file coords_23.cif (mmCIF, C-alpha atoms and all ligand atoms)
data_structure
loop_
_atom_site.label_atom_id
_atom_site.label_comp_id
_atom_site.auth_asym_id
_atom_site.auth_seq_id
_atom_site.Cartn_x
_atom_site.Cartn_y
_atom_site.Cartn_z
CA MET A 1 -150.70 -110.14 -37.28
CA SER A 2 -150.80 -112.22 -40.46
CA MET A 3 -152.90 -115.38 -40.51
CA THR A 4 -152.88 -118.59 -42.48
CA ASN A 5 -155.71 -121.09 -43.09
CA ALA A 6 -159.02 -119.38 -43.84
CA ASN A 7 -160.89 -122.39 -42.43
CA PHE A 8 -159.43 -121.98 -38.91
CA PRO A 9 -157.15 -118.92 -38.94
CA MET A 10 -153.98 -118.99 -36.85
CA ASP A 11 -150.88 -116.80 -36.93
CA ALA A 12 -147.29 -117.97 -37.43
CA GLU A 13 -146.93 -118.58 -33.67
CA GLY A 14 -150.09 -120.76 -33.63
CA ARG A 15 -152.27 -118.12 -31.94
CA THR A 16 -156.00 -118.28 -32.72
CA TYR A 17 -157.59 -115.37 -34.58
CA HIS A 18 -159.86 -113.92 -31.84
CA VAL A 19 -158.96 -115.32 -28.40
CA GLY A 20 -155.29 -115.10 -29.37
CA ILE A 21 -154.03 -118.13 -27.44
CA LYS A 22 -151.74 -120.97 -28.49
CA HIS A 23 -150.84 -124.47 -27.29
CA GLY A 24 -149.40 -124.49 -23.76
CA GLU A 25 -151.09 -121.26 -22.61
CA LEU A 26 -154.45 -122.67 -21.51
CA ALA A 27 -155.21 -125.30 -18.86
CA ASN A 28 -157.69 -128.16 -19.39
CA ARG A 29 -159.82 -126.70 -16.60
CA VAL A 30 -161.25 -123.28 -17.45
CA LEU A 31 -163.41 -120.81 -15.57
CA THR A 32 -165.02 -118.36 -18.00
CA VAL A 33 -166.59 -115.01 -17.16
CA GLY A 34 -167.90 -112.10 -19.20
CA ASP A 35 -166.29 -109.15 -17.45
CA PRO A 36 -162.45 -108.83 -17.54
CA ALA A 37 -162.59 -107.05 -14.14
CA ARG A 38 -164.22 -110.20 -12.68
CA ALA A 39 -161.47 -112.33 -14.23
CA ILE A 40 -158.80 -110.22 -12.49
CA ILE A 41 -160.58 -110.33 -9.12
CA LEU A 42 -160.86 -114.13 -9.37
CA SER A 43 -157.20 -114.44 -10.37
CA LEU A 44 -156.32 -113.22 -6.86
CA LEU A 45 -157.56 -116.62 -5.59
CA LEU A 46 -154.88 -118.53 -7.51
CA ASP A 47 -151.77 -120.11 -5.96
CA GLY A 48 -148.74 -117.97 -5.09
CA VAL A 49 -150.47 -114.62 -5.67
CA ASP A 50 -149.15 -111.68 -3.62
CA ARG A 51 -152.56 -110.20 -2.72
CA GLU A 52 -151.11 -107.36 -0.61
CA ASN A 53 -148.83 -105.98 -3.31
CA THR A 54 -150.83 -106.61 -6.50
CA PRO A 55 -152.11 -103.21 -7.72
CA PRO A 56 -155.89 -102.98 -8.29
CA LYS A 57 -157.17 -104.00 -11.76
CA THR A 58 -153.88 -105.77 -12.51
CA VAL A 59 -153.25 -109.46 -13.21
CA PRO A 60 -150.91 -110.81 -10.47
CA ALA A 61 -147.28 -110.87 -11.63
CA ASN A 62 -146.75 -114.63 -11.13
CA LEU A 63 -149.58 -115.60 -13.55
CA PHE A 64 -149.55 -115.93 -17.34
CA SER A 65 -151.91 -113.48 -19.05
CA TYR A 66 -152.77 -112.56 -22.63
CA SER A 67 -155.12 -109.78 -23.82
CA SER A 68 -156.31 -110.32 -27.37
CA HIS A 69 -157.02 -107.61 -29.93
CA ARG A 70 -160.69 -108.72 -29.87
CA GLY A 71 -161.18 -108.20 -26.14
CA PHE A 72 -160.56 -111.71 -24.74
CA LEU A 73 -158.40 -111.91 -21.58
CA THR A 74 -156.77 -115.24 -20.68
CA ILE A 75 -155.10 -115.82 -17.30
CA THR A 76 -153.41 -119.14 -16.43
CA GLY A 77 -152.02 -120.36 -13.11
CA ALA A 78 -152.83 -123.05 -10.56
CA TYR A 79 -155.42 -123.54 -7.83
CA LYS A 80 -154.56 -125.95 -4.98
CA GLY A 81 -151.70 -127.11 -7.20
CA VAL A 82 -153.93 -127.92 -10.21
CA PRO A 83 -153.47 -125.94 -13.47
CA VAL A 84 -156.48 -123.72 -14.23
CA SER A 85 -157.26 -120.85 -16.59
CA ILE A 86 -159.67 -117.94 -16.40
CA VAL A 87 -160.95 -116.50 -19.68
CA ALA A 88 -163.00 -113.28 -19.92
CA ILE A 89 -164.99 -113.35 -23.14
CA GLY A 90 -167.23 -110.26 -23.13
CA MET A 91 -170.90 -110.76 -23.94
CA GLY A 92 -173.18 -112.77 -26.18
CA VAL A 93 -173.51 -116.08 -27.96
CA SER A 94 -170.91 -115.32 -30.67
CA MET A 95 -168.24 -114.58 -28.05
CA MET A 96 -168.98 -117.88 -26.31
CA ASP A 97 -168.69 -119.66 -29.67
CA PHE A 98 -165.27 -118.05 -30.41
CA PHE A 99 -164.08 -118.92 -26.92
CA VAL A 100 -165.14 -122.58 -26.83
CA ARG A 101 -163.93 -123.43 -30.34
CA GLU A 102 -160.60 -121.59 -30.17
CA CYS A 103 -159.79 -122.91 -26.68
CA ARG A 104 -160.65 -126.44 -27.74
CA ALA A 105 -158.28 -126.07 -30.72
CA VAL A 106 -155.20 -125.36 -28.56
CA VAL A 107 -155.72 -127.79 -25.65
CA ASP A 108 -154.96 -131.53 -25.79
CA GLY A 109 -157.22 -133.99 -23.97
CA PRO A 110 -160.49 -133.59 -22.10
CA MET A 111 -161.62 -130.18 -20.88
CA VAL A 112 -163.88 -128.96 -18.08
CA ILE A 113 -165.38 -125.50 -18.57
CA ILE A 114 -167.46 -123.65 -15.98
CA ARG A 115 -169.07 -120.29 -16.67
CA PHE A 116 -169.52 -117.84 -13.80
CA GLY A 117 -171.68 -114.98 -15.00
CA SER A 118 -174.41 -112.60 -13.94
CA CYS A 119 -178.12 -112.90 -14.78
CA GLY A 120 -181.66 -111.72 -14.36
CA SER A 121 -183.93 -113.80 -12.11
CA LEU A 122 -187.48 -114.86 -12.96
CA SER A 123 -187.82 -116.90 -9.76
CA ASP A 124 -187.67 -115.89 -6.08
CA ALA A 125 -183.84 -115.88 -6.21
CA THR A 126 -182.94 -112.35 -5.26
CA VAL A 127 -179.99 -110.04 -5.98
CA GLY A 128 -176.71 -111.56 -4.78
CA ASP A 129 -178.08 -115.14 -4.84
CA ILE A 130 -176.43 -117.78 -7.03
CA CYS A 131 -178.25 -119.94 -9.59
CA VAL A 132 -176.78 -123.19 -10.94
CA PRO A 133 -178.73 -124.15 -14.09
CA PHE A 134 -178.84 -127.87 -14.94
CA GLY A 135 -180.08 -127.00 -18.42
CA SER A 136 -180.36 -124.06 -20.79
CA TYR A 137 -182.39 -123.09 -23.87
CA LEU A 138 -181.98 -120.28 -26.39
CA VAL A 139 -184.50 -117.46 -26.75
CA GLN A 140 -184.18 -115.80 -30.14
CA ARG A 141 -186.01 -112.88 -31.61
CA ASN A 142 -187.96 -114.18 -34.61
CA TYR A 143 -186.60 -111.59 -37.04
CA ASP A 144 -189.07 -112.51 -39.79
CA TYR A 145 -191.95 -111.62 -37.49
CA PHE A 146 -190.82 -107.98 -37.58
CA SER A 147 -190.31 -107.77 -41.33
CA GLY A 148 -193.75 -106.62 -42.35
CA ASP A 149 -197.23 -106.20 -40.99
CA ILE A 150 -197.25 -107.32 -37.32
CA ALA A 151 -200.92 -108.34 -37.37
CA THR A 152 -200.25 -110.69 -40.30
CA ALA A 153 -197.13 -112.07 -38.61
CA ALA A 154 -199.08 -112.66 -35.37
CA ALA A 155 -201.58 -114.84 -37.22
CA THR A 156 -198.88 -117.30 -38.27
CA SER A 157 -195.96 -117.12 -35.85
CA LYS A 158 -194.64 -115.95 -32.49
CA PRO A 159 -192.24 -113.01 -32.00
CA TYR A 160 -189.67 -115.14 -30.08
CA HIS A 161 -188.36 -118.68 -30.71
CA MET A 162 -187.34 -121.06 -27.92
CA SER A 163 -184.89 -123.91 -28.59
CA LYS A 164 -184.81 -127.30 -26.90
CA VAL A 165 -183.13 -127.54 -23.49
CA PHE A 166 -179.46 -128.66 -23.51
CA GLU A 167 -178.18 -130.13 -20.25
CA ALA A 168 -175.12 -129.25 -18.18
CA ASP A 169 -172.80 -132.05 -17.04
CA PRO A 170 -174.71 -133.47 -14.02
CA GLU A 171 -171.58 -134.06 -11.92
CA ILE A 172 -170.39 -130.47 -12.43
CA THR A 173 -173.85 -129.15 -11.54
CA GLN A 174 -174.02 -131.23 -8.34
CA THR A 175 -170.49 -130.22 -7.33
CA LEU A 176 -171.26 -126.53 -7.92
CA MET A 177 -174.48 -126.79 -5.87
CA LYS A 178 -172.59 -128.43 -3.00
CA ASN A 179 -169.65 -126.01 -2.96
CA MET A 180 -171.81 -122.88 -3.47
CA SER A 181 -174.15 -123.96 -0.65
CA GLY A 182 -171.15 -124.57 1.64
CA LEU A 183 -169.75 -121.07 1.10
CA LEU A 184 -172.88 -118.96 0.65
CA GLY A 185 -175.57 -120.89 2.56
CA LYS A 186 -178.17 -123.20 1.00
CA GLU A 187 -180.84 -120.49 1.12
CA HIS A 188 -178.80 -118.39 -1.36
CA VAL A 189 -178.23 -121.12 -3.96
CA TRP A 190 -180.88 -122.06 -6.55
CA SER A 191 -181.25 -124.79 -9.11
CA GLY A 192 -183.33 -124.55 -12.32
CA ILE A 193 -183.17 -123.91 -16.04
CA ASN A 194 -181.49 -120.97 -17.74
CA ALA A 195 -182.77 -119.10 -20.77
CA THR A 196 -179.97 -117.61 -22.90
CA ALA A 197 -181.25 -114.63 -24.86
CA ASP A 198 -179.91 -113.01 -28.03
CA SER A 199 -180.51 -109.54 -26.54
CA PHE A 200 -180.24 -108.02 -23.07
CA TYR A 201 -183.39 -106.10 -23.99
CA SER A 202 -186.05 -107.50 -26.34
CA SER A 203 -185.59 -111.24 -25.81
CA GLN A 204 -185.21 -110.72 -22.05
CA GLY A 205 -188.62 -109.03 -21.88
CA ARG A 206 -187.36 -105.50 -21.20
CA GLN A 207 -189.79 -102.79 -22.30
CA ASP A 208 -188.33 -100.16 -24.65
CA ASN A 209 -190.63 -97.66 -26.35
CA ASN A 210 -187.99 -96.83 -28.97
CA PHE A 211 -188.57 -100.18 -30.69
CA VAL A 212 -191.40 -102.54 -31.62
CA ASP A 213 -190.52 -105.65 -29.57
CA VAL A 214 -193.86 -107.41 -28.92
CA ASN A 215 -192.43 -108.90 -25.73
CA GLN A 216 -195.04 -107.97 -23.09
CA GLU A 217 -196.04 -111.64 -22.73
CA LEU A 218 -192.53 -113.08 -22.93
CA PHE A 219 -192.07 -114.02 -19.24
CA THR A 220 -195.40 -115.87 -19.29
CA ASP A 221 -194.40 -117.63 -22.54
CA LEU A 222 -191.01 -118.69 -21.12
CA VAL A 223 -192.47 -120.14 -17.93
CA GLU A 224 -195.23 -121.84 -19.90
CA TYR A 225 -192.61 -123.32 -22.25
CA GLU A 226 -190.28 -124.43 -19.44
CA PRO A 227 -191.77 -124.12 -15.92
CA ASN A 228 -188.30 -124.44 -14.30
CA THR A 229 -187.02 -121.27 -16.03
CA THR A 230 -185.18 -119.31 -13.32
CA THR A 231 -182.55 -117.16 -15.04
CA LEU A 232 -182.00 -115.03 -18.15
CA GLU A 233 -178.54 -114.24 -19.49
CA MET A 234 -176.64 -114.35 -22.78
CA GLU A 235 -174.06 -117.18 -23.14
CA THR A 236 -174.73 -120.40 -21.19
CA PHE A 237 -176.83 -122.14 -23.86
CA ILE A 238 -173.96 -122.06 -26.38
CA LEU A 239 -171.55 -123.51 -23.82
CA TYR A 240 -173.89 -126.43 -23.02
CA HIS A 241 -174.72 -126.91 -26.70
CA LEU A 242 -171.07 -126.98 -27.84
CA ALA A 243 -170.08 -129.30 -24.98
CA LYS A 244 -172.75 -131.69 -26.22
CA SER A 245 -171.48 -131.28 -29.81
CA SER A 246 -167.82 -131.75 -28.86
CA THR A 247 -166.01 -134.79 -30.20
CA THR A 248 -162.99 -136.77 -29.05
CA ALA A 249 -160.33 -137.81 -31.58
CA SER A 250 -161.72 -141.34 -31.75
CA MET A 251 -165.16 -139.97 -32.46
CA ALA A 252 -164.16 -137.40 -35.05
CA ALA A 253 -165.20 -139.83 -37.77
CA TRP A 254 -168.79 -139.40 -36.63
CA ALA A 255 -168.60 -135.73 -37.55
CA THR A 256 -168.67 -136.77 -41.22
CA PRO A 257 -172.23 -137.53 -42.27
CA GLN A 258 -172.87 -141.28 -42.33
CA GLU A 259 -174.31 -143.14 -45.32
CA ASP A 260 -177.78 -141.91 -44.54
CA GLY A 261 -176.40 -138.34 -44.49
CA VAL A 262 -177.22 -137.91 -40.80
CA VAL A 263 -174.83 -136.70 -38.11
CA SER A 264 -176.33 -137.50 -34.74
CA THR A 265 -174.87 -136.08 -31.53
CA HIS A 266 -176.92 -138.75 -29.73
CA LYS A 267 -174.42 -141.31 -31.01
CA TYR A 268 -171.78 -139.78 -28.74
CA ASP A 269 -171.79 -141.14 -25.23
CA LYS A 270 -168.73 -139.12 -24.28
CA HIS A 271 -167.61 -135.64 -25.25
CA SER A 272 -164.25 -133.90 -25.09
CA ILE A 273 -165.76 -130.96 -23.17
CA ARG A 274 -167.80 -131.18 -19.99
CA ALA A 275 -169.55 -127.96 -19.01
CA GLY A 276 -171.43 -126.34 -16.16
CA ALA A 277 -172.45 -122.84 -15.17
CA CYS A 278 -173.49 -120.65 -12.31
CA MET A 279 -174.59 -117.05 -12.18
CA MET A 280 -175.08 -114.22 -9.68
CA VAL A 281 -178.47 -112.55 -9.76
CA PHE A 282 -177.88 -108.92 -10.77
CA ALA A 283 -181.47 -108.11 -11.80
CA GLN A 284 -184.57 -109.36 -9.97
CA ARG A 285 -187.12 -109.12 -12.77
CA LYS A 286 -190.22 -109.64 -10.61
CA THR A 287 -189.44 -106.86 -8.07
CA ASN A 288 -187.30 -104.77 -10.47
CA ALA A 289 -184.37 -104.64 -7.95
CA PHE A 290 -180.79 -104.32 -9.27
CA ILE A 291 -177.70 -105.39 -7.32
CA ALA A 292 -175.48 -102.82 -5.48
CA LYS A 293 -171.73 -102.72 -6.25
CA GLY A 294 -170.84 -103.67 -2.65
CA GLU A 295 -172.92 -106.84 -2.88
CA VAL A 296 -171.12 -107.88 -6.08
CA ALA A 297 -167.78 -107.33 -4.33
CA ARG A 298 -168.92 -109.53 -1.40
CA VAL A 299 -170.34 -112.43 -3.45
CA GLU A 300 -167.83 -112.57 -6.34
CA PRO A 301 -164.80 -113.97 -4.46
CA LEU A 302 -166.91 -116.44 -2.43
CA ALA A 303 -168.70 -117.81 -5.48
CA GLY A 304 -165.42 -117.73 -7.41
CA LYS A 305 -163.81 -119.91 -4.75
CA ALA A 306 -166.72 -122.36 -5.02
CA VAL A 307 -166.16 -122.53 -8.81
CA PHE A 308 -162.41 -123.16 -8.46
CA ASP A 309 -163.06 -125.81 -5.76
CA SER A 310 -165.47 -127.49 -8.19
CA LEU A 311 -163.14 -127.19 -11.20
CA VAL A 312 -160.33 -129.04 -9.42
CA GLU A 313 -162.66 -131.60 -7.81
CA ILE A 314 -163.93 -132.87 -11.19
CA ALA A 315 -161.76 -135.60 -12.69
CA LEU A 316 -160.74 -134.95 -16.29
C1 LIG B 401 -175.20 -108.45 -19.72
O1 LIG B 401 -175.11 -107.39 -18.82
C2 LIG B 401 -174.11 -109.46 -19.52
O2 LIG B 401 -174.12 -109.97 -18.18
C3 LIG B 401 -174.28 -111.40 -18.16
C4 LIG B 401 -174.95 -111.67 -19.50
O3 LIG B 401 -174.87 -113.01 -19.86
C5 LIG B 401 -174.31 -110.68 -20.42
O4 LIG B 401 -173.07 -111.13 -20.89
O5 LIG B 401 -173.14 -112.16 -17.96
P1 LIG B 401 -171.66 -111.68 -17.59
O6 LIG B 401 -171.78 -110.99 -16.26
O7 LIG B 401 -170.81 -112.88 -17.52
O8 LIG B 401 -171.21 -110.75 -18.70
N1 LIG B 402 -177.28 -110.22 -17.38
C1 LIG B 402 -178.31 -110.41 -18.23
O1 LIG B 402 -178.13 -110.92 -19.35
N2 LIG B 402 -179.54 -110.04 -17.83
C2 LIG B 402 -179.78 -109.46 -16.66
O2 LIG B 402 -180.93 -109.11 -16.38
C3 LIG B 402 -178.69 -109.25 -15.77
C4 LIG B 402 -177.44 -109.65 -16.17
#
call {"tool": "encode", "arguments": {"input": "coords_23.cif", "output": "structure tokens"}}
result
Amino acid sequence: MSMTNANFPMDAEGRTYHVGIKHGELANRVLTVGDPARAIILSLLLDGVDRENTPPKTVPANLFSYSSHRGFLTITGAYKGVPVSIVAIGMGVSMMDFFVRECRAVVDGPMVIIRFGSCGSLSDATVGDICVPFGSYLVQRNYDYFSGDIATAAATSKPYHMSKVFEADPEITQTLMKNMSGLLGKEHVWSGINATADSFYSSQGRQDNNFVDVNQELFTDLVEYEPNTTTLEMETFILYHLAKSSTTASMAAWATPQEDGVVSTHKYDKHSIRAGACMMVFAQRKTNAFIAKGEVARVEPLAGKAVFDSLVEIAL
């Protein structure tokens, strides 16, 4: 595959470098997941799918699909007659960044993006419950802290950094809460704030004697920093952050620093991407319980239906 334009590489067909999609292949409404197997299970909910005769682990024959050389899987079809896409992105903040930017580059007009992932729970939400975070912050390992003598580092800084909270689109959050509660029962649906971590291990407070992580107090620090912290996962913050940084064509001029050299996202009252997220609790971090496969199989299609119902209910 040969690419042109080092600034934003695309091949001769107009396919993006990592996600591998081009104009016309992605809908304005996108459900994004981490796991490609989850994407395929959710694709069975789309219009016109022959559920009886679709072989397991296979994208239904009537849907568009594209698997990129970097592990992204895009599936496009319709739900209740409205065009929608599902994109599996893998894991971590970089993958979310590739996905949001490359999808935005090949779709015209406003977009709605909802992430449906899995998470660890710091609240009373238990395995199989759904959390719908109305905001998210980033938890990053402070790499400098680990560069020399830990006692010296401890005197001047903390081992983990927390960013400011970025908000989800309030209408998407409310719609997800309503539709999730309708399908799963109110008692299984939780609101709150998400913490997106740059590791599944150290910056999510997991104890690992093979490394110096200085994270024994991390849960306490997170809840002290943001008392509404309910979930820990690895992508949502970037989605909310990029939605807030997204521009429309008429606003693109703002992206150039103004006379005072300042670019302020607060000057935007409207963005080209609106985003929300929800996540299944896989790990209950207070009791140390981990979800069983059967429970994932029960919750995934129900919660997936609630996400699709929400995606098509939101006006572009
Ligand atoms: C870690 O196991 C992965 O699971 C969560 C985390 O964010 C991370 O990507 O989400 P997904 O189930 O969407 O991958
Ligand atoms: N995904 C995460 O990132 N953390 C968990 O604990 C479970 C799923």
call {"tool": "closest_residue", "arguments": {"input": "coords_23.cif", "among": "A:Pro36, A:Pro227, A:Gly135, A:Gly205", "to": "A:Pro159", "atoms": "only C-alpha atoms"}}
result
A:Gly205
call {"tool": "residues_near_ligand", "arguments": {"input": "coords_23.cif", "ligand": "ligand LIG 401 (chain B)", "cutoff": "9 Å", "atoms": "all atoms listed in the file", "output": "list in words"}}
result
Thr32, Val33, Gly34, Asp35, Arg38, Ala88, Ile89, Gly90, Met91, Gly92, Val93, Arg115, Phe116, Gly117, Ser118, Cys119, Gly120, Thr196, Ala197, Ser199, Phe200, Leu232, Glu233, Met234, Glu235, Thr236, Met279, Met280 and Phe282 of chain A
call {"tool": "residues_around", "arguments": {"input": "coords_23.cif", "residues": "A:His241", "least_positions_apart": "6", "cutoff": "9 Å", "atoms": "all atoms listed in the file", "output": "ChimeraX atom specification"}}
result
/A:136,166-168
call {"tool": "residues_around", "arguments": {"input": "coords_23.cif", "residues": "A:Leu46", "least_positions_apart": "3", "cutoff": "8 Å", "atoms": "all atoms listed in the file", "output": "mmCIF file with C-alpha atoms, in the coordinates of the input"}}
result
data_model
loop_
_atom_site.group_PDB
_atom_site.id
_atom_site.type_symbol
_atom_site.label_atom_id
_atom_site.label_comp_id
_atom_site.auth_asym_id
_atom_site.auth_seq_id
_atom_site.Cartn_x
_atom_site.Cartn_y
_atom_site.Cartn_z
ATOM 1 C CA LEU A 42 -160.860 -114.130 -9.370
ATOM 2 C CA SER A 43 -157.200 -114.440 -10.370
ATOM 3 C CA VAL A 49 -150.470 -114.620 -5.670
ATOM 4 C CA GLY A 77 -152.020 -120.360 -13.110
ATOM 5 C CA ALA A 78 -152.830 -123.050 -10.560
ATOM 6 C CA TYR A 79 -155.420 -123.540 -7.830
ATOM 7 C CA LYS A 80 -154.560 -125.950 -4.980
#
call {"tool": "closest_residue", "arguments": {"input": "coords_23.cif", "among": "A:Ser123, A:Val212, A:Thr58, A:Val82", "to": "A:Gly148", "atoms": "only C-alpha atoms"}}
result
A:Val212
call {"tool": "atom_distance", "arguments": {"input": "coords_23.cif", "atom1": "atom CA of A:Gln204", "atom2": "atom CA of A:Thr229"}}
result
12.3 Å
call {"tool": "atom_distance", "arguments": {"input": "coords_23.cif", "atom1": "atom CA of A:Thr152", "atom2": "atom CA of A:Gln216"}}
result
18.2 Å
call {"tool": "closest_atom_pairs", "arguments": {"input": "coords_23.cif", "of": "stretch 61-169 of chain A", "to": "stretch 286-309 of chain A", "cutoff": "7 Å", "atoms": "all atoms listed in the file", "output": "Markdown table"}}
result
| residue | atom | partner | partner_atom | distance |
| --- | --- | --- | --- | --- |
| A:Leu122 | CA | A:Lys286 | CA | 6.3 |
| A:Val127 | CA | A:Ile291 | CA | 5.4 |
| A:Gly128 | CA | A:Glu295 | CA | 6.3 |
call {"tool": "residues_around", "arguments": {"input": "coords_23.cif", "residues": "A:Val189", "least_positions_apart": "2", "cutoff": "9 Å", "atoms": "only C-alpha atoms", "output": "mmCIF file with C-alpha atoms, in the coordinates of the input"}}
result
data_model
loop_
_atom_site.group_PDB
_atom_site.id
_atom_site.type_symbol
_atom_site.label_atom_id
_atom_site.label_comp_id
_atom_site.auth_asym_id
_atom_site.auth_seq_id
_atom_site.Cartn_x
_atom_site.Cartn_y
_atom_site.Cartn_z
ATOM 1 C CA ALA A 125 -183.840 -115.880 -6.210
ATOM 2 C CA ASP A 129 -178.080 -115.140 -4.840
ATOM 3 C CA ILE A 130 -176.430 -117.780 -7.030
ATOM 4 C CA CYS A 131 -178.250 -119.940 -9.590
ATOM 5 C CA VAL A 132 -176.780 -123.190 -10.940
ATOM 6 C CA MET A 177 -174.480 -126.790 -5.870
ATOM 7 C CA MET A 180 -171.810 -122.880 -3.470
ATOM 8 C CA SER A 181 -174.150 -123.960 -0.650
ATOM 9 C CA LEU A 184 -172.880 -118.960 0.650
ATOM 10 C CA GLY A 185 -175.570 -120.890 2.560
ATOM 11 C CA LYS A 186 -178.170 -123.200 1.000
ATOM 12 C CA GLU A 187 -180.840 -120.490 1.120
ATOM 13 C CA SER A 191 -181.250 -124.790 -9.110
#
call {"tool": "closest_residue", "arguments": {"input": "coords_23.cif", "among": "A:Asn194, A:Thr173, A:Ser121, A:Ser157", "to": "ligand LIG 402 (chain B)", "atoms": "all atoms listed in the file"}}
result
A:Ser121
call {"tool": "atom_distance", "arguments": {"input": "coords_23.cif", "atom1": "atom CA of A:Gly20", "atom2": "atom CA of A:Ser67"}}
result
7.7 Å
call {"tool": "closest_residue", "arguments": {"input": "coords_23.cif", "among": "A:Val281, A:Met10, A:Arg141, A:His69", "to": "ligand LIG 402 (chain B)", "atoms": "only C-alpha atoms and all ligand atoms"}}
result
A:Val281
call {"tool": "closest_residue", "arguments": {"input": "coords_23.cif", "among": "A:Ala195, A:Ala39, A:Leu31, A:Ala275", "to": "ligand LIG 402 (chain B)", "atoms": "only C-alpha atoms and all ligand atoms"}}
result
A:Ala195
call {"tool": "closest_residue", "arguments": {"input": "coords_23.cif", "among": "A:Asn62, A:Asn210, A:Thr175, A:Ser203", "to": "A:Met162", "atoms": "only C-alpha atoms"}}
result
A:Ser203
call {"tool": "residues_around", "arguments": {"input": "coords_23.cif", "residues": "A:Gly109", "least_positions_apart": "5", "cutoff": "12 Å", "atoms": "all atoms listed in the file", "output": "ChimeraX atom specification"}}
result
/A:23,26-29,103-104,246-250,271-274,316
call {"tool": "residues_around", "arguments": {"input": "coords_23.cif", "residues": "A:Ser65", "least_positions_apart": "5", "cutoff": "7 Å", "atoms": "only C-alpha atoms", "output": "ChimeraX atom specification"}}
result
/A:74-76
call {"tool": "write_last_selection", "arguments": {"input": "coords_23.cif", "atoms": "C-alpha atoms", "output": "PDB file, in the frame of the given file"}}
result
ATOM      1  CA  THR A  74    -156.770-115.240 -20.680  1.00  0.00           C
ATOM      2  CA  ILE A  75    -155.100-115.820 -17.300  1.00  0.00           C
ATOM      3  CA  THR A  76    -153.410-119.140 -16.430  1.00  0.00           C
TER       4      THR A  76
END
call {"tool": "axis_aligned_box", "arguments": {"input": "coords_23.cif", "around": "stretch 239-249 of chain A", "padding_each_side": "4 Å", "output": "AutoDock Vina command-line options"}}
result
--center_x -167.5 --center_y -130.7 --center_z -27.3 --size_x 22.4 --size_y 22.3 --size_z 16.6
